[in-house]
file query11.pdb (PDB, C-alpha atoms and all ligand atoms)
ATOM      1  CA  MET A   1     -28.123   5.734   9.558
ATOM      2  CA  ASP A   2     -24.540   6.849  10.236
ATOM      3  CA  MET A   3     -22.741   5.642   7.123
ATOM      4  CA  LEU A   4     -19.310   6.416   8.572
ATOM      5  CA  THR A   5     -19.736   3.759  11.255
ATOM      6  CA  THR A   6     -22.077   1.220   9.691
ATOM      7  CA  THR A   7     -20.620  -2.176   8.842
ATOM      8  CA  SER A   8     -23.169  -2.788   6.059
ATOM      9  CA  PRO A   9     -22.157  -2.300   2.428
ATOM     10  CA  LEU A  10     -22.752   1.219   1.119
ATOM     11  CA  LYS A  11     -24.945   1.884  -1.877
ATOM     12  CA  PRO A  12     -23.151   3.703  -4.727
ATOM     13  CA  ARG A  13     -25.434   6.696  -4.133
ATOM     14  CA  ASP A  14     -24.093   7.013  -0.558
ATOM     15  CA  VAL A  15     -20.560   7.564  -1.885
ATOM     16  CA  PHE A  16     -19.755  10.710  -3.791
ATOM     17  CA  ILE A  17     -16.724  10.384  -6.075
ATOM     18  CA  ARG A  18     -15.386  13.762  -7.131
ATOM     19  CA  PRO A  19     -12.150  15.488  -8.172
ATOM     20  CA  TYR A  20      -9.770  16.526  -5.397
ATOM     21  CA  LYS A  21      -9.944  20.086  -4.106
ATOM     22  CA  ASP A  22      -7.413  21.924  -1.939
ATOM     23  CA  SER A  23      -9.588  21.646   1.178
ATOM     24  CA  ASP A  24      -9.101  17.815   0.998
ATOM     25  CA  HIS A  25      -5.317  18.177   1.419
ATOM     26  CA  THR A  26      -4.978  17.148   5.078
ATOM     27  CA  GLN A  27      -7.481  14.279   4.867
ATOM     28  CA  CYS A  28      -5.864  12.850   1.730
ATOM     29  CA  ARG A  29      -2.388  12.914   3.283
ATOM     30  CA  GLU A  30      -3.758  11.226   6.414
ATOM     31  CA  ILE A  31      -5.596   8.503   4.484
ATOM     32  CA  PHE A  32      -2.477   7.766   2.439
ATOM     33  CA  THR A  33      -0.234   7.691   5.552
ATOM     34  CA  GLU A  34      -2.626   5.391   7.449
ATOM     35  CA  GLY A  35      -2.781   2.975   4.518
ATOM     36  CA  MET A  36       1.004   2.739   4.228
ATOM     37  CA  GLN A  37       1.852   2.611   7.953
ATOM     38  CA  GLN A  38      -0.178  -0.547   8.419
ATOM     39  CA  LEU A  39       2.183  -2.429   6.097
ATOM     40  CA  ALA A  40       4.875  -2.743   8.799
ATOM     41  CA  ASN A  41       3.360  -5.915  10.330
ATOM     42  CA  PRO A  42       2.801  -7.863   7.075
ATOM     43  CA  ILE A  43       6.314  -6.945   5.889
ATOM     44  CA  MET A  44       7.759  -8.147   9.197
ATOM     45  CA  THR A  45       5.814 -11.421   8.874
ATOM     46  CA  LEU A  46       7.290 -11.886   5.412
ATOM     47  CA  VAL A  47      10.951 -11.132   6.115
ATOM     48  CA  TYR A  48      11.168 -12.560   9.656
ATOM     49  CA  PRO A  49      11.393 -16.327   8.801
ATOM     50  CA  ARG A  50      14.794 -15.852   7.085
ATOM     51  CA  TYR A  51      16.222 -14.243  10.235
ATOM     52  CA  VAL A  52      14.662 -16.948  12.431
ATOM     53  CA  LYS A  53      16.325 -19.603  10.264
ATOM     54  CA  ILE A  54      19.763 -17.967  10.555
ATOM     55  CA  ALA A  55      19.282 -17.420  14.310
ATOM     56  CA  SER A  56      18.243 -21.062  14.818
ATOM     57  CA  ILE A  57      21.365 -22.384  13.071
ATOM     58  CA  ILE A  58      23.565 -20.149  15.210
ATOM     59  CA  LEU A  59      21.646 -21.252  18.334
ATOM     60  CA  VAL A  60      22.246 -24.928  17.530
ATOM     61  CA  LEU A  61      25.962 -24.222  17.106
ATOM     62  CA  ILE A  62      26.089 -22.239  20.343
ATOM     63  CA  SER A  63      24.107 -24.921  22.234
ATOM     64  CA  ALA A  64      26.527 -27.588  21.041
ATOM     65  CA  ALA A  65      29.470 -25.481  22.084
ATOM     66  CA  SER A  66      27.928 -24.542  25.444
ATOM     67  CA  PHE A  67      28.436 -28.097  26.725
ATOM     68  CA  ARG A  68      31.986 -26.972  27.071
ATOM     69  CA  TRP A  69      31.128 -23.309  27.719
ATOM     70  CA  SER A  70      28.375 -22.236  30.017
ATOM     71  CA  PRO A  71      24.557 -22.192  29.435
ATOM     72  CA  TRP A  72      24.398 -18.468  30.174
ATOM     73  CA  ILE A  73      25.844 -17.926  26.683
ATOM     74  CA  VAL A  74      22.654 -19.447  25.228
ATOM     75  CA  GLY A  75      20.561 -17.165  27.463
ATOM     76  CA  LEU A  76      22.588 -14.168  26.374
ATOM     77  CA  TYR A  77      22.172 -15.183  22.747
ATOM     78  CA  LEU A  78      18.372 -15.407  23.133
ATOM     79  CA  ILE A  79      18.308 -11.901  24.598
ATOM     80  CA  LEU A  80      20.380 -10.764  21.630
ATOM     81  CA  CYS A  81      17.806 -12.350  19.271
ATOM     82  CA  VAL A  82      14.998 -10.378  20.935
ATOM     83  CA  VAL A  83      17.001  -7.164  20.553
ATOM     84  CA  MET A  84      17.756  -7.996  16.878
ATOM     85  CA  THR A  85      14.043  -8.667  16.240
ATOM     86  CA  ALA A  86      13.163  -5.266  17.680
ATOM     87  CA  LEU A  87      15.887  -3.647  15.542
ATOM     88  CA  LEU A  88      14.574  -5.420  12.424
ATOM     89  CA  TYR A  89      11.057  -4.116  13.098
ATOM     90  CA  ILE A  90      12.387  -0.604  13.682
ATOM     91  CA  ASP A  91      14.383  -0.818  10.440
ATOM     92  CA  ILE A  92      11.268  -1.860   8.488
ATOM     93  CA  TYR A  93       9.286   0.948  10.094
ATOM     94  CA  ILE A  94      12.001   3.486   9.224
ATOM     95  CA  GLU A  95      12.044   2.292   5.576
ATOM     96  CA  LEU A  96       8.259   2.686   5.448
ATOM     97  CA  MET A  97       8.394   6.143   7.019
ATOM     98  CA  LYS A  98      11.069   7.168   4.498
ATOM     99  CA  PHE A  99       8.771   6.047   1.667
ATOM    100  CA  ILE A 100       5.754   7.833   3.192
ATOM    101  CA  SER A 101       7.608  11.062   3.806
ATOM    102  CA  GLY A 102       9.072  10.870   0.272
ATOM    103  CA  CYS A 103       5.522  10.809  -1.124
ATOM    104  CA  LEU A 104       4.223  13.472   1.274
ATOM    105  CA  ASN A 105       7.075  15.742   0.233
ATOM    106  CA  SER A 106       6.741  15.140  -3.497
ATOM    107  CA  ASP A 107       3.424  14.593  -5.307
ATOM    108  CA  LEU A 108       1.307  14.843  -2.131
ATOM    109  CA  LEU A 109       2.863  18.146  -1.062
ATOM    110  CA  ASP A 110       0.973  20.262  -3.572
ATOM    111  CA  ILE A 111      -1.569  17.806  -4.964
ATOM    112  CA  SER A 112      -3.345  20.297  -7.259
ATOM    113  CA  GLU A 113      -0.025  21.325  -8.761
ATOM    114  CA  THR A 114       1.175  17.745  -9.356
ATOM    115  CA  TYR A 115      -2.075  16.301 -10.654
ATOM    116  CA  LYS A 116      -3.023  18.718 -13.416
ATOM    117  CA  ASP A 117      -2.939  18.763 -17.227
ATOM    118  CA  GLY A 118      -4.219  15.238 -17.794
ATOM    119  CA  SER A 119      -3.419  13.987 -14.298
ATOM    120  CA  LYS A 120      -6.039  13.963 -11.553
ATOM    121  CA  VAL A 121      -6.798  12.823  -8.012
ATOM    122  CA  PHE A 122     -10.284  11.606  -7.186
ATOM    123  CA  VAL A 123     -11.644  11.412  -3.672
ATOM    124  CA  ALA A 124     -14.530   9.434  -2.206
ATOM    125  CA  GLU A 125     -16.786  11.394   0.110
ATOM    126  CA  VAL A 126     -19.284   9.875   2.547
ATOM    127  CA  GLN A 127     -21.470  12.200   4.595
ATOM    128  CA  GLY A 128     -19.193  15.126   3.791
ATOM    129  CA  GLN A 129     -16.005  13.351   4.848
ATOM    130  CA  VAL A 130     -13.206  12.271   2.539
ATOM    131  CA  VAL A 131     -12.720   8.532   3.085
ATOM    132  CA  GLY A 132     -10.711   7.452   0.052
ATOM    133  CA  MET A 133      -8.482   8.654  -2.758
ATOM    134  CA  VAL A 134      -6.740   7.611  -5.950
ATOM    135  CA  GLY A 135      -4.611   9.461  -8.474
ATOM    136  CA  LEU A 136      -3.829   9.126 -12.158
ATOM    137  CA  LEU A 137      -0.512  10.608 -13.177
ATOM    138  CA  GLN A 138       0.811  11.280 -16.650
ATOM    139  CA  GLY A 139       4.299  12.582 -17.152
ATOM    140  CA  PRO A 140       7.660  12.387 -18.837
ATOM    141  CA  HIS A 141       8.526   9.193 -16.895
ATOM    142  CA  LEU A 142       5.792   7.401 -18.866
ATOM    143  CA  LYS A 143       5.254   6.730 -22.571
ATOM    144  CA  PRO A 144       2.546   8.821 -24.270
ATOM    145  CA  GLY A 145      -0.877   7.213 -23.815
ATOM    146  CA  VAL A 146       0.152   5.632 -20.507
ATOM    147  CA  GLY A 147      -1.103   6.810 -17.111
ATOM    148  CA  GLU A 148       0.000   5.638 -13.687
ATOM    149  CA  LEU A 149      -2.483   4.798 -10.932
ATOM    150  CA  GLN A 150      -1.102   6.140  -7.672
ATOM    151  CA  ARG A 151      -1.947   6.678  -4.007
ATOM    152  CA  MET A 152      -4.945   4.350  -3.856
ATOM    153  CA  SER A 153      -6.125   4.330  -0.256
ATOM    154  CA  VAL A 154      -9.382   4.004   1.684
ATOM    155  CA  SER A 155      -9.810   4.837   5.390
ATOM    156  CA  ARG A 156      -9.511   1.708   7.490
ATOM    157  CA  THR A 157     -13.068   1.933   8.875
ATOM    158  CA  MET A 158     -14.587   2.334   5.411
ATOM    159  CA  ARG A 159     -13.016  -0.660   3.671
ATOM    160  CA  ARG A 160     -14.834  -3.560   1.965
ATOM    161  CA  LYS A 161     -17.754  -1.322   1.054
ATOM    162  CA  GLY A 162     -16.919  -0.967  -2.634
ATOM    163  CA  ILE A 163     -15.319   2.489  -2.344
ATOM    164  CA  ALA A 164     -12.022   1.593  -4.073
ATOM    165  CA  LYS A 165     -13.968  -0.047  -6.892
ATOM    166  CA  LEU A 166     -15.951   3.187  -7.422
ATOM    167  CA  LEU A 167     -12.739   5.245  -7.353
ATOM    168  CA  CYS A 168     -11.175   2.955  -9.981
ATOM    169  CA  LYS A 169     -14.270   3.178 -12.157
ATOM    170  CA  GLU A 170     -14.051   6.983 -12.140
ATOM    171  CA  LEU A 171     -10.317   6.835 -12.807
ATOM    172  CA  VAL A 172     -10.815   4.611 -15.856
ATOM    173  CA  ILE A 173     -13.512   6.939 -17.266
ATOM    174  CA  PHE A 174     -11.148   9.888 -16.822
ATOM    175  CA  ALA A 175      -8.233   7.976 -18.375
ATOM    176  CA  LYS A 176     -10.289   7.168 -21.476
ATOM    177  CA  GLN A 177     -11.259  10.849 -21.791
ATOM    178  CA  GLN A 178      -7.537  11.642 -21.755
ATOM    179  CA  ASN A 179      -6.899   9.142 -24.588
ATOM    180  CA  ILE A 180      -4.898   6.955 -22.262
ATOM    181  CA  ASN A 181      -4.752   3.402 -23.567
ATOM    182  CA  LYS A 182      -2.867   1.774 -20.714
ATOM    183  CA  ILE A 183      -2.889   2.286 -16.930
ATOM    184  CA  VAL A 184       0.131   1.003 -15.033
ATOM    185  CA  LEU A 185       0.763   0.702 -11.303
ATOM    186  CA  SER A 186       3.241  -0.762  -8.887
ATOM    187  CA  THR A 187       2.643  -2.329  -5.513
ATOM    188  CA  THR A 188       4.207  -4.848  -3.163
ATOM    189  CA  GLY A 189       3.328  -8.482  -2.520
ATOM    190  CA  VAL A 190       2.053  -7.720   0.999
ATOM    191  CA  GLN A 191      -0.667  -5.376  -0.267
ATOM    192  CA  THR A 192      -2.963  -8.338  -0.806
ATOM    193  CA  ALA A 193      -6.263  -6.413  -0.633
ATOM    194  CA  ALA A 194      -5.015  -3.989  -3.287
ATOM    195  CA  ILE A 195      -3.764  -6.820  -5.517
ATOM    196  CA  LYS A 196      -7.157  -8.548  -5.332
ATOM    197  CA  LEU A 197      -8.848  -5.257  -6.164
ATOM    198  CA  TYR A 198      -6.581  -4.577  -9.163
ATOM    199  CA  LYS A 199      -7.018  -8.122 -10.517
ATOM    200  CA  LYS A 200     -10.778  -7.864 -10.113
ATOM    201  CA  ILE A 201     -10.755  -4.691 -12.207
ATOM    202  CA  GLY A 202      -8.732  -6.434 -14.916
ATOM    203  CA  PHE A 203      -5.123  -5.436 -14.198
ATOM    204  CA  GLN A 204      -2.560  -8.066 -15.121
ATOM    205  CA  LEU A 205       0.829  -8.668 -13.586
ATOM    206  CA  SER A 206       3.499  -7.404 -15.984
ATOM    207  CA  ASP A 207       6.682  -7.631 -13.928
ATOM    208  CA  THR A 208       7.909  -8.616 -10.506
ATOM    209  CA  PHE A 209      11.277  -8.263  -8.810
ATOM    210  CA  PRO A 210      12.711  -8.230  -5.281
ATOM    211  CA  TYR A 211      12.407  -4.971  -3.384
ATOM    212  CA  PRO A 212      15.610  -2.947  -3.949
ATOM    213  CA  GLN A 213      16.555  -2.673  -0.227
ATOM    214  CA  LYS A 214      18.656  -5.652   0.926
ATOM    215  CA  ILE A 215      16.758  -5.977   4.223
ATOM    216  CA  LEU A 216      13.444  -6.260   2.317
ATOM    217  CA  GLU A 217      14.573  -8.516  -0.523
ATOM    218  CA  GLU A 218      11.886 -11.137   0.267
ATOM    219  CA  LEU A 219       9.278  -8.480  -0.455
ATOM    220  CA  PRO A 220       8.166  -8.785  -4.088
ATOM    221  CA  TYR A 221       7.733  -5.498  -5.931
ATOM    222  CA  GLU A 222       4.965  -6.046  -8.492
ATOM    223  CA  CYS A 223       3.962  -4.072 -11.583
ATOM    224  CA  TYR A 224       0.496  -4.338 -13.097
ATOM    225  CA  GLU A 225      -1.107  -2.925 -16.212
ATOM    226  CA  LEU A 226      -4.593  -2.503 -17.593
ATOM    227  CA  GLU A 227      -5.194  -2.118 -21.329
ATOM    228  CA  LEU A 228      -8.117   0.232 -21.988
TER     229      LEU A 228
HETATM  230  C1  LIG B   1      -6.747  -1.748  -1.201
HETATM  231  C2  LIG B   1      -7.845  -0.850  -0.679
HETATM  232  C3  LIG B   1      -7.717   0.526  -1.345
HETATM  233  C4  LIG B   1      -9.213  -1.481  -1.037
HETATM  234  O1  LIG B   1     -10.235  -0.563  -0.693
HETATM  235  P1  LIG B   1     -11.742  -1.021  -0.428
HETATM  236  O2  LIG B   1     -12.610   0.179  -0.541
HETATM  237  O3  LIG B   1     -11.804  -1.774   0.841
HETATM  238  O4  LIG B   1     -12.010  -2.026  -1.650
HETATM  239  P2  LIG B   1     -13.454  -2.437  -2.217
HETATM  240  O5  LIG B   1     -14.408  -2.588  -1.088
HETATM  241  O6  LIG B   1     -13.834  -1.521  -3.329
HETATM  242  O7  LIG B   1     -13.152  -3.890  -2.787
HETATM  243  C5  LIG B   1     -13.053  -4.146  -4.169
HETATM  244  C6  LIG B   1     -12.535  -5.553  -4.384
HETATM  245  O8  LIG B   1     -11.181  -5.647  -3.927
HETATM  246  C7  LIG B   1     -10.965  -6.906  -3.285
HETATM  247  N1  LIG B   1     -10.647  -6.646  -1.865
HETATM  248  C8  LIG B   1     -10.604  -5.461  -1.251
HETATM  249  N2  LIG B   1     -10.214  -5.613   0.039
HETATM  250  C9  LIG B   1     -10.001  -6.933   0.220
HETATM  251  C10 LIG B   1      -9.579  -7.705   1.333
HETATM  252  N3  LIG B   1      -9.295  -7.149   2.526
HETATM  253  N4  LIG B   1      -9.459  -9.035   1.169
HETATM  254  C11 LIG B   1      -9.733  -9.621  -0.011
HETATM  255  N5  LIG B   1     -10.147  -8.927  -1.113
HETATM  256  C12 LIG B   1     -10.274  -7.609  -0.992
HETATM  257  C13 LIG B   1     -12.252  -7.694  -3.439
HETATM  258  O9  LIG B   1     -12.138  -8.423  -4.636
HETATM  259  C14 LIG B   1     -13.286  -6.610  -3.570
HETATM  260  O10 LIG B   1     -14.395  -6.996  -4.299
HETATM  261  P3  LIG B   1     -15.628  -7.734  -3.527
HETATM  262  O11 LIG B   1     -15.914  -6.922  -2.306
HETATM  263  O12 LIG B   1     -16.706  -7.691  -4.548
HETATM  264  O13 LIG B   1     -15.127  -9.094  -3.200
HETATM  265  C15 LIG B   1      -7.776  -0.709   0.883
HETATM  266  O14 LIG B   1      -7.716  -1.993   1.447
HETATM  267  C16 LIG B   1      -6.591   0.106   1.366
HETATM  268  O15 LIG B   1      -6.671   1.327   1.446
HETATM  269  N6  LIG B   1      -5.479  -0.558   1.695
HETATM  270  C17 LIG B   1      -4.281   0.115   2.247
HETATM  271  C18 LIG B   1      -3.577   0.979   1.241
HETATM  272  C19 LIG B   1      -3.044   0.184   0.068
HETATM  273  O16 LIG B   1      -2.498  -0.896   0.197
HETATM  274  N7  LIG B   1      -3.181   0.803  -1.120
HETATM  275  C20 LIG B   1      -2.727   0.222  -2.344
HETATM  276  C21 LIG B   1      -1.530   0.963  -2.810
HETATM  277  S1  LIG B   1      -0.812   0.147  -4.239
END

call {"tool": "encode", "arguments": {"input": "query11.pdb", "output": "structure tokens", "more": "lines below"}}
Ligand SMILES: CC(C)(COP(=O)(O)OP(=O)(O)OC[C@H]1O[C@@H](n2cnc3c(N)ncnc32)[C@H](O)[C@@H]1OP(=O)(O)O)[C@@H](O)C(=O)NCCC(=O)NCCS
result
Amino acid sequence: MDMLTTTSPLKPRDVFIRPYKDSDHTQCREIFTEGMQQLANPIMTLVYPRYVKIASIILVLISAASFRWSPWIVGLYLILCVVMTALLYIDIYIELMKFISGCLNSDLLDISETYKDGSKVFVAEVQGQVVGMVGLLQGPHLKPGVGELQRMSVSRTMRRKGIAKLLCKELVIFAKQQNINKIVLSTTGVQTAAIKLYKKIGFQLSDTFPYPQKILEELPYECYELEL
């Protein structure tokens, strides 16, 4: 059976969870990028209603005024709305790409170098192919005994097969070996699959605030923690 294409759940023995090695570099960066890029549509769905509301109010005002002016103004305005929608989507995509390239050029640039001395990336391998990853980072930005779960991602075609759960299990075992007593993570409100996964594992919401960028302020930024 080709486990990379099957839609049936995988058995734990079909998935090999192991520490990252340098030959996984390209696949890990691709899996992370794919996982983040797909957030553009859900973010758009979340922020769009506010712009539609503002545009509708302006349209009503313009329609009222166009009894005296001419209806082509309304037509022109609708074209403008389409252009603004496209610009909004592009803006969201650019913000996402900035985030992705920030990660690819920081901790994911030299993964072995970043995740060492008590930090580690685990990958999930199925039939010799890397299909998922997760990292645990310790560092000066965190209190002693606290580790941060980062870069959780599973290839799109391999989701809902229990791979992320296995990665988390391995991460928790490693964290305990490192005497970590709390794992923290941050995510956004549109990453619903990830939030369900984290809650299932036992993470609890510790803080939430609007995303720092004005254009994305409807997007909740959420922090979770798991006591070990
Ligand atoms: C989040 C993600 C890593 C989950 O990977 P996965 O291998 O599909 O997850 P699993 O199959 O191990 O699922 C574990 C649990 O998570 C929850 N879950 C995962 N995907 C879900 C979905 N699409 N809808 C609802 N619940 C979901 C379920 O509770 C599931 O348990 P169950 O199957 O027993 O119901 C994957 O969807 C992904 O890579 N998303 C894009 C990247 C991302 O958002 N990363 C998080 C960064 S903070």

call {"tool": "residues_near_ligand", "arguments": {"input": "query11.pdb", "ligand": "ligand LIG 1 (chain B)", "cutoff": "8 Å", "atoms": "all atoms listed in the file", "output": "ChimeraX atom specification"}}
result
/A:31-32,34-36,38-39,132,150-156,158-167,185-188,191-200

call {"tool": "residues_near_point", "arguments": {"input": "query11.pdb", "point": "(6.0, -5.9, -11.8)", "cutoff": "7 Å", "atoms": "all atoms listed in the file", "output": "MDAnalysis selection string"}}
result
chainID A and resid 186 205:209 221:224

call {"tool": "write_last_selection", "arguments": {"input": "query11.pdb", "atoms": "C-alpha atoms", "output": "tab-separated table (two decimals), keeping the file's coordinate frame"}}
result
chain	number	residue	atom	x	y	z
A	186	SER	CA	3.24	-0.76	-8.89
A	205	LEU	CA	0.83	-8.67	-13.59
A	206	SER	CA	3.50	-7.40	-15.98
A	207	ASP	CA	6.68	-7.63	-13.93
A	208	THR	CA	7.91	-8.62	-10.51
A	209	PHE	CA	11.28	-8.26	-8.81
A	221	TYR	CA	7.73	-5.50	-5.93
A	222	GLU	CA	4.96	-6.05	-8.49
A	223	CYS	CA	3.96	-4.07	-11.58
A	224	TYR	CA	0.50	-4.34	-13.10

call {"tool": "residues_near_point", "arguments": {"input": "query11.pdb", "point": "(-5.9, 19.3, 4.3)", "cutoff": "12 Å", "atoms": "only C-alpha atoms", "output": "list in words"}}
result
Tyr20, Lys21, Asp22, Ser23, Asp24, His25, Thr26, Gln27, Cys28, Arg29, Glu30, Ile31, Leu108, Leu109, Asp110, Ile111, Ser112, Gln129 and Val130 of chain A

call {"tool": "resolve_selection", "arguments": {"input": "query11.pdb", "expression": "the PyMOL selection byres (((chain A and resi 137-145) around 8) and not hetatm)", "output": "list of chain:residue names"}}
result
A:Tyr115, A:Gly118, A:Ser119, A:Lys120, A:Gly135, A:Leu136, A:Val146, A:Gly147, A:Glu148, A:Leu149, A:Gln150, A:Asn179, A:Ile180, A:Asn181, A:Lys182

call {"tool": "write_last_selection", "arguments": {"input": "query11.pdb", "atoms": "C-alpha atoms", "output": "PDB file, in the frame of the given file"}}
result
ATOM      1  CA  TYR A 115      -2.075  16.301 -10.654  1.00  0.00           C
ATOM      2  CA  GLY A 118      -4.219  15.238 -17.794  1.00  0.00           C
ATOM      3  CA  SER A 119      -3.419  13.987 -14.298  1.00  0.00           C
ATOM      4  CA  LYS A 120      -6.039  13.963 -11.553  1.00  0.00           C
ATOM      5  CA  GLY A 135      -4.611   9.461  -8.474  1.00  0.00           C
ATOM      6  CA  LEU A 136      -3.829   9.126 -12.158  1.00  0.00           C
ATOM      7  CA  VAL A 146       0.152   5.632 -20.507  1.00  0.00           C
ATOM      8  CA  GLY A 147      -1.103   6.810 -17.111  1.00  0.00           C
ATOM      9  CA  GLU A 148       0.000   5.638 -13.687  1.00  0.00           C
ATOM     10  CA  LEU A 149      -2.483   4.798 -10.932  1.00  0.00           C
ATOM     11  CA  GLN A 150      -1.102   6.140  -7.672  1.00  0.00           C
ATOM     12  CA  ASN A 179      -6.899   9.142 -24.588  1.00  0.00           C
ATOM     13  CA  ILE A 180      -4.898   6.955 -22.262  1.00  0.00           C
ATOM     14  CA  ASN A 181      -4.752   3.402 -23.567  1.00  0.00           C
ATOM     15  CA  LYS A 182      -2.867   1.774 -20.714  1.00  0.00           C
TER      16      LYS A 182
END

call {"tool": "residues_around", "arguments": {"input": "query11.pdb", "residues": "Val126 of chain A", "least_positions_apart": "2", "cutoff": "10 Å", "atoms": "all atoms listed in the file", "output": "ChimeraX atom specification"}}
result
/A:2-4,10,13-17,123-124,128-132,158,163

call {"tool": "atom_distance", "arguments": {"input": "query11.pdb", "atom1": "atom CA of Gln178 of chain A", "atom2": "atom CA of Asp117 of chain A"}}
result
9.6 Å

call {"tool": "atom_distance", "arguments": {"input": "query11.pdb", "atom1": "atom CA of Met133 of chain A", "atom2": "atom CA of Asp107 of chain A"}}
result
13.5 Å

call {"tool": "atom_distance", "arguments": {"input": "query11.pdb", "atom1": "atom CA of Leu88 of chain A", "atom2": "atom CA of Met44 of chain A"}}
result
8.0 Å

call {"tool": "residues_around", "arguments": {"input": "query11.pdb", "residues": "Leu96 of chain A", "least_positions_apart": "2", "cutoff": "9 Å", "atoms": "only C-alpha atoms", "output": "list in words"}}
result
Met36, Gln37, Leu39, Ala40, Asp91, Ile92, Tyr93, Ile94, Lys98, Phe99, Ile100 and Ser101 of chain A

call {"tool": "closest_residue", "arguments": {"input": "query11.pdb", "among": "A:Gly189, A:Ser63, A:Pro49, A:Phe122", "to": "Ile173 of chain A", "atoms": "all atoms listed in the file"}}
result
A:Phe122

call {"tool": "residues_around", "arguments": {"input": "query11.pdb", "residues": "Val47 of chain A", "least_positions_apart": "2", "cutoff": "10 Å", "atoms": "all atoms listed in the file", "output": "ChimeraX atom specification"}}
result
/A:42-45,49-52,88-89,92,215-219

call {"tool": "closest_residue", "arguments": {"input": "query11.pdb", "among": "A:Glu95, A:Val190, A:Glu170, A:Val134", "to": "Gln213 of chain A", "atoms": "only C-alpha atoms"}}
result
A:Glu95

call {"tool": "residues_around", "arguments": {"input": "query11.pdb", "residues": "segment 71-85 of chain A", "least_positions_apart": "5", "cutoff": "8 Å", "atoms": "only C-alpha atoms", "output": "compact mmCIF listing (two decimals) with C-alpha atoms, in the coordinates of the input"}}
result
# COMPACT_ATOMS: atom_id res chain seq x y z
CA ALA A 55 19.28 -17.42 14.31
CA LEU A 59 21.65 -21.25 18.33
CA ILE A 62 26.09 -22.24 20.34
CA SER A 63 24.11 -24.92 22.23
CA SER A 66 27.93 -24.54 25.44

call {"tool": "residues_around", "arguments": {"input": "query11.pdb", "residues": "Leu226 of chain A", "least_positions_apart": "6", "cutoff": "7 Å", "atoms": "all atoms listed in the file", "output": "ChimeraX atom specification"}}
result
/A:182-184,202-204
